[in-house]
file final.cif (mmCIF, C-alpha atoms)
data_protein
loop_
_atom_site.group_PDB
_atom_site.id
_atom_site.type_symbol
_atom_site.label_atom_id
_atom_site.label_comp_id
_atom_site.auth_asym_id
_atom_site.auth_seq_id
_atom_site.Cartn_x
_atom_site.Cartn_y
_atom_site.Cartn_z
ATOM 1 C CA MET A 15 106.562 137.024 150.435
ATOM 2 C CA LYS A 16 110.103 136.589 149.140
ATOM 3 C CA LEU A 17 113.594 137.498 150.246
ATOM 4 C CA PHE A 18 116.081 138.754 147.688
ATOM 5 C CA ASP A 19 119.301 137.197 148.925
ATOM 6 C CA GLY A 20 122.933 137.949 148.164
ATOM 7 C CA GLY A 21 124.442 134.607 149.148
ATOM 8 C CA ARG A 22 127.626 134.948 151.161
ATOM 9 C CA ALA A 23 127.405 138.710 151.702
ATOM 10 C CA PRO A 24 127.216 139.539 155.445
ATOM 11 C CA ASN A 25 123.833 141.270 155.647
ATOM 12 C CA PRO A 26 121.822 138.746 153.627
ATOM 13 C CA ARG A 27 123.548 135.964 155.555
ATOM 14 C CA ARG A 28 122.592 137.642 158.832
ATOM 15 C CA VAL A 29 118.901 137.527 157.865
ATOM 16 C CA ARG A 30 119.143 133.884 156.786
ATOM 17 C CA VAL A 31 120.750 132.920 160.098
ATOM 18 C CA PHE A 32 118.037 134.825 161.979
ATOM 19 C CA LEU A 33 115.296 133.052 160.023
ATOM 20 C CA ALA A 34 116.949 129.679 160.638
ATOM 21 C CA GLU A 35 117.110 130.355 164.386
ATOM 22 C CA LYS A 36 113.422 131.277 164.326
ATOM 23 C CA GLY A 37 112.550 128.238 162.205
ATOM 24 C CA ILE A 38 110.953 130.414 159.526
ATOM 25 C CA ALA A 39 111.044 129.444 155.854
ATOM 26 C CA VAL A 40 110.853 132.277 153.339
ATOM 27 C CA PRO A 41 111.235 131.753 149.582
ATOM 28 C CA LEU A 42 114.610 133.091 148.446
ATOM 29 C CA VAL A 43 115.385 134.882 145.221
ATOM 30 C CA SER A 44 119.098 134.397 144.595
ATOM 31 C CA VAL A 45 120.924 137.502 143.428
ATOM 32 C CA ASP A 46 124.491 137.055 142.157
ATOM 33 C CA MET A 47 126.307 140.003 143.682
ATOM 34 C CA GLY A 48 129.556 138.913 142.012
ATOM 35 C CA ALA A 49 127.868 139.481 138.650
ATOM 36 C CA LEU A 50 126.449 142.798 139.979
ATOM 37 C CA GLU A 51 122.858 141.572 139.666
ATOM 38 C CA HIS A 52 121.977 143.717 142.692
ATOM 39 C CA ARG A 53 122.562 146.737 140.429
ATOM 40 C CA GLY A 54 119.970 145.487 137.933
ATOM 41 C CA GLN A 55 116.304 146.385 137.589
ATOM 42 C CA THR A 56 115.013 143.494 139.727
ATOM 43 C CA VAL A 57 116.669 144.805 142.878
ATOM 44 C CA SER A 58 116.910 148.526 142.117
ATOM 45 C CA SER A 59 113.170 148.742 141.436
ATOM 46 C CA ARG A 60 112.636 147.490 144.995
ATOM 47 C CA ASN A 61 115.607 149.185 146.653
ATOM 48 C CA PRO A 62 117.056 152.244 144.884
ATOM 49 C CA LEU A 63 120.179 151.894 147.051
ATOM 50 C CA GLN A 64 120.782 148.559 145.245
ATOM 51 C CA ARG A 65 121.653 146.747 148.463
ATOM 52 C CA LEU A 66 120.628 143.377 149.782
ATOM 53 C CA PRO A 67 118.736 141.874 151.505
ATOM 54 C CA VAL A 68 115.318 143.000 150.320
ATOM 55 C CA LEU A 69 112.120 141.501 151.693
ATOM 56 C CA GLU A 70 109.057 141.881 149.478
ATOM 57 C CA LEU A 71 105.739 141.170 151.170
ATOM 58 C CA ASP A 72 102.733 139.681 149.404
ATOM 59 C CA ASP A 73 101.084 143.115 149.129
ATOM 60 C CA GLY A 74 104.186 144.566 147.419
ATOM 61 C CA THR A 75 105.521 146.359 150.499
ATOM 62 C CA VAL A 76 109.317 146.290 150.576
ATOM 63 C CA ILE A 77 111.518 146.193 153.667
ATOM 64 C CA THR A 78 115.266 146.656 153.331
ATOM 65 C CA GLU A 79 118.116 146.591 155.849
ATOM 66 C CA SER A 80 118.905 143.389 157.678
ATOM 67 C CA VAL A 81 117.965 144.485 161.204
ATOM 68 C CA ALA A 82 114.637 145.942 160.026
ATOM 69 C CA ILE A 83 113.811 142.651 158.299
ATOM 70 C CA CYS A 84 114.765 140.678 161.399
ATOM 71 C CA ARG A 85 112.683 142.937 163.647
ATOM 72 C CA TYR A 86 109.698 142.443 161.334
ATOM 73 C CA PHE A 87 109.968 138.674 161.735
ATOM 74 C CA GLU A 88 110.533 138.995 165.497
ATOM 75 C CA GLU A 89 107.173 140.772 165.742
ATOM 76 C CA LEU A 90 105.419 138.161 163.601
ATOM 77 C CA HIS A 91 107.045 135.219 165.407
ATOM 78 C CA PRO A 92 107.941 136.321 168.947
ATOM 79 C CA GLU A 93 109.271 132.925 170.051
ATOM 80 C CA PRO A 94 112.071 132.168 170.409
ATOM 81 C CA VAL A 95 112.974 135.688 171.506
ATOM 82 C CA LEU A 96 116.104 136.844 169.677
ATOM 83 C CA PHE A 97 115.971 140.589 170.382
ATOM 84 C CA GLY A 98 115.836 140.262 174.166
ATOM 85 C CA ARG A 99 113.112 140.338 176.802
ATOM 86 C CA GLY A 100 112.264 143.531 178.631
ATOM 87 C CA ALA A 101 114.029 146.863 178.495
ATOM 88 C CA LEU A 102 117.417 145.601 179.715
ATOM 89 C CA GLY A 103 117.462 142.550 177.470
ATOM 90 C CA ARG A 104 116.538 144.519 174.350
ATOM 91 C CA ALA A 105 119.083 147.231 175.185
ATOM 92 C CA GLN A 106 121.846 144.643 175.620
ATOM 93 C CA VAL A 107 121.015 142.970 172.309
ATOM 94 C CA GLU A 108 121.045 146.364 170.585
ATOM 95 C CA MET A 109 124.379 147.234 172.227
ATOM 96 C CA TRP A 110 126.016 144.030 170.986
ATOM 97 C CA GLN A 111 124.545 144.453 167.510
ATOM 98 C CA ARG A 112 126.002 147.930 167.195
ATOM 99 C CA ARG A 113 129.368 146.762 168.502
ATOM 100 C CA MET A 114 129.361 143.974 165.961
ATOM 101 C CA GLU A 115 128.424 146.328 163.122
ATOM 102 C CA PHE A 116 131.033 148.945 163.960
ATOM 103 C CA ASN A 117 133.900 146.736 165.124
ATOM 104 C CA LEU A 118 133.515 143.438 163.354
ATOM 105 C CA LEU A 119 131.700 143.975 160.074
ATOM 106 C CA SER A 120 133.380 147.262 159.165
#

call {"tool": "encode", "arguments": {"input": "final.cif", "output": "C-alpha cells"}}
result
Amino acid sequence: MKLFDGGRAPNPRRVRVFLAEKGIAVPLVSVDMGALEHRGQTVSSRNPLQRLPVLELDDGTVITESVAICRYFEELHPEPVLFGRGALGRAQVEMWQRRMEFNLLS
C-alpha cells in the first residue's frame, strides 16, 4: 500500500495527521503539487480528477478523498477511535468535519 501525498496541501496533510494520531505508518509517494505533478500520468492514472491524496492498496484498488481514506483506516485500526463512538459521537464528529470543510478550509 502507498499514499500519494501532496505535502503541505490541506487534504493530504489531513490524512497524514490522521495516520499519525492512529500510529499507522504508510509509505508515502511525494507529489510536487507546485510543479503540477498531480496533473501527470502517475496521479491521473489513479485519480482522473488529478487530486490528492490517493491511497493505492496492494491489490491495486485506489481510494481517493481524504475522509474516505481516513474512514478506511479507522475500520482497519479501530483504536484509538477518531470518528466517534456510537450514533451521537459519530454524528458530532461528522458535524464538526463538515463545519471545518465549509467554514475553515473553503

call {"tool": "residues_around", "arguments": {"input": "final.cif", "residues": "Ala23 in chain A", "least_positions_apart": "3", "cutoff": "10 Å", "atoms": "only C-alpha atoms", "output": "list in words"}}
result
Asp19, Gly20, Pro26, Arg27, Arg28, Met47, Gly48, Leu66 and Pro67 of chain A

call {"tool": "atom_distance", "arguments": {"input": "final.cif", "atom1": "CA of Thr56 in chain A", "atom2": "CA of Ala34 in chain A"}}
result
25.1 Å

call {"tool": "resolve_selection", "arguments": {"input": "final.cif", "expression": "the PyMOL selection byres ((chain A and resi 36) around 10)", "output": "PyMOL selection string"}}
result
chain A and resi 30-35+37-39+84+87-88+91-96

call {"tool": "write_last_selection", "arguments": {"input": "final.cif", "atoms": "C-alpha atoms", "output": "PDB file, keeping the file's coordinate frame"}}
result
ATOM      1  CA  ARG A  30     119.143 133.884 156.786  1.00  0.00           C
ATOM      2  CA  VAL A  31     120.750 132.920 160.098  1.00  0.00           C
ATOM      3  CA  PHE A  32     118.037 134.825 161.979  1.00  0.00           C
ATOM      4  CA  LEU A  33     115.296 133.052 160.023  1.00  0.00           C
ATOM      5  CA  ALA A  34     116.949 129.679 160.638  1.00  0.00           C
ATOM      6  CA  GLU A  35     117.110 130.355 164.386  1.00  0.00           C
ATOM      7  CA  GLY A  37     112.550 128.238 162.205  1.00  0.00           C
ATOM      8  CA  ILE A  38     110.953 130.414 159.526  1.00  0.00           C
ATOM      9  CA  ALA A  39     111.044 129.444 155.854  1.00  0.00           C
ATOM     10  CA  CYS A  84     114.765 140.678 161.399  1.00  0.00           C
ATOM     11  CA  PHE A  87     109.968 138.674 161.735  1.00  0.00           C
ATOM     12  CA  GLU A  88     110.533 138.995 165.497  1.00  0.00           C
ATOM     13  CA  HIS A  91     107.045 135.219 165.407  1.00  0.00           C
ATOM     14  CA  PRO A  92     107.941 136.321 168.947  1.00  0.00           C
ATOM     15  CA  GLU A  93     109.271 132.925 170.051  1.00  0.00           C
ATOM     16  CA  PRO A  94     112.071 132.168 170.409  1.00  0.00           C
ATOM     17  CA  VAL A  95     112.974 135.688 171.506  1.00  0.00           C
ATOM     18  CA  LEU A  96     116.104 136.844 169.677  1.00  0.00           C
TER      19      LEU A  96
END

call {"tool": "atom_distance", "arguments": {"input": "final.cif", "atom1": "CA of Thr78 in chain A", "atom2": "CA of Arg99 in chain A"}}
result
24.4 Å

call {"tool": "resolve_selection", "arguments": {"input": "final.cif", "expression": "the PyMOL selection byres ((chain A and resi 42) around 8)", "output": "VMD selection string"}}
result
chain A and resid 16 to 19 40 to 41 43 to 44

call {"tool": "write_last_selection", "arguments": {"input": "final.cif", "atoms": "C-alpha atoms", "output": "JSON list (two decimals), in the frame of the given file"}}
result
[["chain", "number", "residue", "atom", "x", "y", "z"],
["A", 16, "LYS", "CA", 110.10, 136.59, 149.14],
["A", 17, "LEU", "CA", 113.59, 137.50, 150.25],
["A", 18, "PHE", "CA", 116.08, 138.75, 147.69],
["A", 19, "ASP", "CA", 119.30, 137.20, 148.93],
["A", 40, "VAL", "CA", 110.85, 132.28, 153.34],
["A", 41, "PRO", "CA", 111.24, 131.75, 149.58],
["A", 43, "VAL", "CA", 115.38, 134.88, 145.22],
["A", 44, "SER", "CA", 119.10, 134.40, 144.60]]

call {"tool": "decode", "arguments": {"input": "final.cif", "residues": "range 100-112 of chain A", "atoms": "all heavy atoms", "output": "mmCIF file, in the first residue's frame"}}
result
data_model
loop_
_atom_site.group_PDB
_atom_site.id
_atom_site.type_symbol
_atom_site.label_atom_id
_atom_site.label_comp_id
_atom_site.auth_asym_id
_atom_site.auth_seq_id
_atom_site.Cartn_x
_atom_site.Cartn_y
_atom_site.Cartn_z
ATOM 1 N N GLY A 100 -20.476 5.293 18.955
ATOM 2 C CA GLY A 100 -21.938 5.330 18.979
ATOM 3 C C GLY A 100 -22.503 6.350 18.006
ATOM 4 O O GLY A 100 -21.778 7.116 17.370
ATOM 5 N N ALA A 101 -23.819 6.341 17.908
ATOM 6 C CA ALA A 101 -24.507 7.208 16.952
ATOM 7 C C ALA A 101 -24.245 8.682 17.221
ATOM 8 O O ALA A 101 -23.928 9.446 16.296
ATOM 9 C CB ALA A 101 -26.006 6.919 16.980
ATOM 10 N N LEU A 102 -24.361 9.112 18.485
ATOM 11 C CA LEU A 102 -24.171 10.526 18.807
ATOM 12 C C LEU A 102 -22.730 10.958 18.565
ATOM 13 O O LEU A 102 -22.485 11.996 17.944
ATOM 14 C CB LEU A 102 -24.565 10.805 20.257
ATOM 15 C CG LEU A 102 -24.363 12.256 20.718
ATOM 16 C CD1 LEU A 102 -25.161 13.219 19.837
ATOM 17 C CD2 LEU A 102 -24.728 12.388 22.178
ATOM 18 N N GLY A 103 -21.791 10.161 19.006
ATOM 19 C CA GLY A 103 -20.382 10.515 18.820
ATOM 20 C C GLY A 103 -19.995 10.627 17.357
ATOM 21 O O GLY A 103 -19.327 11.577 16.950
ATOM 22 N N ARG A 104 -20.426 9.675 16.543
ATOM 23 C CA ARG A 104 -20.119 9.722 15.110
ATOM 24 C C ARG A 104 -20.810 10.914 14.444
ATOM 25 O O ARG A 104 -20.231 11.577 13.579
ATOM 26 C CB ARG A 104 -20.493 8.408 14.443
ATOM 27 C CG ARG A 104 -19.476 7.299 14.749
ATOM 28 C CD ARG A 104 -19.684 6.072 13.895
ATOM 29 N NE ARG A 104 -20.898 5.336 14.218
ATOM 30 C CZ ARG A 104 -20.996 4.436 15.187
ATOM 31 N NH1 ARG A 104 -19.960 4.142 15.932
ATOM 32 N NH2 ARG A 104 -22.139 3.817 15.407
ATOM 33 N N ALA A 105 -22.041 11.197 14.838
ATOM 34 C CA ALA A 105 -22.757 12.338 14.261
ATOM 35 C C ALA A 105 -22.062 13.653 14.613
ATOM 36 O O ALA A 105 -21.943 14.554 13.773
ATOM 37 C CB ALA A 105 -24.206 12.357 14.746
ATOM 38 N N GLN A 106 -21.590 13.777 15.851
ATOM 39 C CA GLN A 106 -20.898 15.004 16.250
ATOM 40 C C GLN A 106 -19.583 15.175 15.494
ATOM 41 O O GLN A 106 -19.257 16.282 15.063
ATOM 42 C CB GLN A 106 -20.671 15.019 17.756
ATOM 43 C CG GLN A 106 -21.950 15.237 18.521
ATOM 44 C CD GLN A 106 -21.766 15.127 20.021
ATOM 45 O OE1 GLN A 106 -20.981 14.316 20.506
ATOM 46 N NE2 GLN A 106 -22.501 15.951 20.743
ATOM 47 N N VAL A 107 -18.838 14.099 15.323
ATOM 48 C CA VAL A 107 -17.594 14.186 14.556
ATOM 49 C C VAL A 107 -17.903 14.610 13.129
ATOM 50 O O VAL A 107 -17.238 15.485 12.571
ATOM 51 C CB VAL A 107 -16.816 12.851 14.593
ATOM 52 C CG1 VAL A 107 -15.694 12.841 13.577
ATOM 53 C CG2 VAL A 107 -16.275 12.586 15.989
ATOM 54 N N GLU A 108 -18.921 14.013 12.522
ATOM 55 C CA GLU A 108 -19.293 14.366 11.154
ATOM 56 C C GLU A 108 -19.729 15.827 11.064
ATOM 57 O O GLU A 108 -19.377 16.538 10.121
ATOM 58 C CB GLU A 108 -20.409 13.445 10.655
ATOM 59 C CG GLU A 108 -20.735 13.613 9.195
ATOM 60 C CD GLU A 108 -19.602 13.170 8.277
ATOM 61 O OE1 GLU A 108 -18.781 12.318 8.672
ATOM 62 O OE2 GLU A 108 -19.551 13.687 7.144
ATOM 63 N N MET A 109 -20.480 16.298 12.048
ATOM 64 C CA MET A 109 -20.921 17.692 12.077
ATOM 65 C C MET A 109 -19.718 18.635 12.080
ATOM 66 O O MET A 109 -19.653 19.579 11.289
ATOM 67 C CB MET A 109 -21.777 17.946 13.317
ATOM 68 C CG MET A 109 -22.157 19.408 13.519
ATOM 69 S SD MET A 109 -22.970 19.682 15.123
ATOM 70 C CE MET A 109 -21.590 19.514 16.262
ATOM 71 N N TRP A 110 -18.760 18.372 12.959
ATOM 72 C CA TRP A 110 -17.585 19.247 13.047
ATOM 73 C C TRP A 110 -16.704 19.152 11.807
ATOM 74 O O TRP A 110 -16.120 20.152 11.383
ATOM 75 C CB TRP A 110 -16.794 18.959 14.324
ATOM 76 C CG TRP A 110 -17.502 19.539 15.511
ATOM 77 C CD1 TRP A 110 -18.192 18.869 16.474
ATOM 78 C CD2 TRP A 110 -17.632 20.930 15.826
ATOM 79 N NE1 TRP A 110 -18.733 19.754 17.375
ATOM 80 C CE2 TRP A 110 -18.404 21.033 16.985
ATOM 81 C CE3 TRP A 110 -17.188 22.107 15.224
ATOM 82 C CZ2 TRP A 110 -18.731 22.246 17.580
ATOM 83 C CZ3 TRP A 110 -17.510 23.325 15.806
ATOM 84 C CH2 TRP A 110 -18.264 23.382 16.967
ATOM 85 N N GLN A 111 -16.637 17.986 11.206
ATOM 86 C CA GLN A 111 -15.876 17.863 9.950
ATOM 87 C C GLN A 111 -16.492 18.716 8.859
ATOM 88 O O GLN A 111 -15.792 19.419 8.141
ATOM 89 C CB GLN A 111 -15.831 16.402 9.485
ATOM 90 C CG GLN A 111 -14.817 15.577 10.205
ATOM 91 C CD GLN A 111 -14.545 14.296 9.468
ATOM 92 O OE1 GLN A 111 -13.446 14.139 8.984
ATOM 93 N NE2 GLN A 111 -15.502 13.394 9.388
ATOM 94 N N ARG A 112 -17.786 18.646 8.723
ATOM 95 C CA ARG A 112 -18.459 19.442 7.682
ATOM 96 C C ARG A 112 -18.321 20.935 7.956
ATOM 97 O O ARG A 112 -18.093 21.712 7.038
ATOM 98 C CB ARG A 112 -19.943 19.060 7.593
ATOM 99 C CG ARG A 112 -20.171 17.610 7.217
ATOM 100 C CD ARG A 112 -19.611 17.260 5.863
ATOM 101 N NE ARG A 112 -20.425 17.866 4.836
ATOM 102 C CZ ARG A 112 -20.084 17.935 3.568
ATOM 103 N NH1 ARG A 112 -18.950 17.424 3.148
ATOM 104 N NH2 ARG A 112 -20.873 18.500 2.694
#
